[in-house]
Structures are given as C-alpha cells and as structure tokens.
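Input: a single structure, listed below in structure tokens.
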Amino acid sequence: MSQVYVVDAGVLFTTWTMKVANATVVTTSNIMVEVRNRPSQLRTEILLVLDRMRVVNPEEAHIQQTSEAASLSGDRSVLSDTDIELIALALMLKDEGENVTLVSTDFAVLNTASHLDITFIDPSGKFKQEMTWTMRCPGCHYKSKTPTRDTECPVCGTIMWRTPLKRRKKS
Ligand SMILES: [Zn+2]
C-alpha cells in the first residue's frame with residue numbers, strides 16, 4: 001500500500017512535497033483555492049500534471065467527528081473550517097484503510113490530529129507534546145470545564161484565553 005500525505009496550504013507553499021517523490025499528495029478543494037492565489041501554485045500544478053496529487057473533500061460525518069475532537073482537545077476556537085476539513089480528510093482516508101500521514105506546521109491542526117490518533121509529520125519539528133486546552137477568563141478567573149467554541153466568559157462576558165489543561169509528550 002502506498003503512502004498518502006494529506007497536506008495543508010503551508011506545506012504546499014514549501015518544497016516539502018519534492019522530498020516524497022513516490023508518494024501521493026492529497027488536499028481539499030478549499031486549500032487548493034488558497035494555493036492557486038500564490039506563487040507556489042506552479043509546484044502544485046506540476047504535482048497535479050504528474051498525477052501525484054489528488055483533491056478530495058471529506059464527508060460530513062468526518063467533519064462532524066473532527067469538530068467534536070477539536071472541541072474536546074480545546075483547539076476548535078483557533079481552527080478554521082478549512083483546517084477542520086483537512087483533518088477530517090485525513091480521518092476519512094484513514095477509515096478507508098489508506099496509509100495516511102497528515103503534514104502540517106499548524107500547531108492546532110497537529111494537536112487535533114494527535115487526539116484523533118492520526119499519524120502526522122510536522123516539517124518544522126516544533127510539535128513536541130499533545131495538549132488539551134481549556135478556556136480561562138482573565139477577568140473573573142472562571143475556568144471552563146466543558147469544551148466550548150464560545151470564547152466569551154459565561155459569567156462576566158470577557159474574552160477567555162486558552163490555557164493548557166493536560167500535556168502528553170509525543171514519542
Ligand atoms: Zn469571567
């Protein structure tokens with residue numbers, strides 16, 4: 001079974017894809033829109049022409065599952081819908097039995113993938129430990145016990161900050 005790399009826009013802006021010459025690169029159509037507006041689009045077009053790249057969108061069920069995992073890890077408030085789609089795509093391909101690795105330099109994307117047991121690569125090498133975040137109010141010190149997408153303190157309405165609840169070192 002060949003290796004499939006699900007890549008984000010940040011990775012497509014670099015030459016990373018040139019290092020994995022025998023692998024297939026996969027991304028979502030929304031990320032292709034971001035890439036097409038940048039100078040690095042030529043590299044991406046070449047991958048498409050060489051048949052080394054596929055554009056696939058995740059199904060709603062996987063988007064839902066990813067969104068829930070991101071809420072539980074505390075990453076949902078900093079992830080865009082495009083980020084969620086990308087992780088959901090990796091999850092979908094994994095469920096379909098593909099040998100998939102998610103490639104991203106976005107900490108929240110990697111962290112959510114880690115919580116979903118998706119294999120990932122961080123080309124920047126900065127991702128060291130899996131985090132579980134919670135929200136804390138700098139005003140009244142209220143600490144959210146349940147994961148929420150809401151960033152406003154339910155007690156006083158101040159914008160809450162993300163704060164680490166748990167860390168787990170990645171091997
Ligand atoms: Zn508060």
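By order of appearance in the structure tokens: chains A, B, ..., then residues from 1 within every chain, and ligands from 1 in the order shown.
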Next on the checklist: List the spatial neighbours of His115 of chain A as a ChimeraX atom specification - criterion: any atom at most 12 Å away, only C-alpha atoms, same-chain residues fewer than 4 positions off excluded.
Outcome noted: /A:65-75,87,91,108-111,119-120,129-133,167-168,170
Hey, which residues sit close to ligand 1? Say within 6 Å, counting only C-alpha atoms and all ligand atoms, and write them as a JSON list (two decimals) with C-alpha atoms, in the first residue's frame.
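part.json, freshly written:
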[["chain", "number", "residue", "atom", "x", "y", "z"],
["A", 137, "CYS", "CA", -11.34, 34.06, 31.92],
["A", 139, "GLY", "CA", -11.40, 38.87, 34.28],
["A", 140, "CYS", "CA", -13.13, 36.70, 36.87],
["A", 141, "HIS", "CA", -10.83, 33.61, 36.60],
["A", 142, "TYR", "CA", -13.71, 31.40, 35.56],
["A", 153, "CYS", "CA", -16.88, 34.08, 29.60],
["A", 155, "VAL", "CA", -20.02, 34.61, 33.92],
["A", 156, "CYS", "CA", -18.76, 38.10, 33.03],
["A", 157, "GLY", "CA", -18.59, 38.18, 29.22],
["A", 158, "THR", "CA", -14.82, 38.83, 28.97]]
Item to check | Shell of 7 Å around Arg54 of chain A, only C-alpha atoms, local chain residues under 4 positions omitted, as a VMD selection string | outcome: chain A and resid 25 to 27
Can you write just those residues out, C-alpha atoms, as an mmCIF file, in the first residue's frame?
data_model
loop_
_atom_site.group_PDB
_atom_site.id
_atom_site.type_symbol
_atom_site.label_atom_id
_atom_site.label_comp_id
_atom_site.auth_asym_id
_atom_site.auth_seq_id
_atom_site.Cartn_x
_atom_site.Cartn_y
_atom_site.Cartn_z
ATOM 1 C CA VAL A 25 -0.223 14.145 -2.009
ATOM 2 C CA VAL A 26 -3.857 14.866 -1.149
ATOM 3 C CA THR A 27 -5.586 18.060 -0.099
#
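In this structure, atom CA of Thr15 of chain A sits 8.2 Å away from atom CA of Arg43 of chain A.
If you measure from each of A:Met135, A:Ala88, A:Ile63, A:Leu102 to Pro164 of chain A using only C-alpha atoms, the closest one turns out to be A:Met135.
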Item to check | All strand (DSSP E) positions in segment 2-123 of chain A, as a PyMOL selection string | outcome: chain A and resi 3-7+24-27+53-55+99-103+120-121
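Atom CA of Thr134 of chain A to atom CA of His62 of chain A spans 23.3 Å [interatomic distance, one decimal].
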Next on the checklist: Neighbouring residues of Glu59 of chain A were defined as those with any atom within 10 Å, considering only C-alpha atoms; residues of the same chain fewer than 2 positions away were excluded. Please report them as JSON, numbers by chain.
Outcome noted: {"A": [56, 57, 61, 62, 63, 64, 85, 88, 89, 92]}
Checklist entry - Can you list, as a ChimeraX atom specification, every residue of segment 8-136 of chain A that DSSP puts in alpha helix (DSSP H)? => result /A:9-12,29-36,41-49,60-73,81-95,107-115
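Of note, atom CA of Val100 of chain A and atom CA of Gln3 of chain A are spaced 6.1 Å apart.
Between Thr24 of chain A and the candidates A:Ser80, A:Gln41, A:Asn99, A:Thr151, the tightest atom-to-atom separation, counting only C-alpha atoms, involves A:Asn99.
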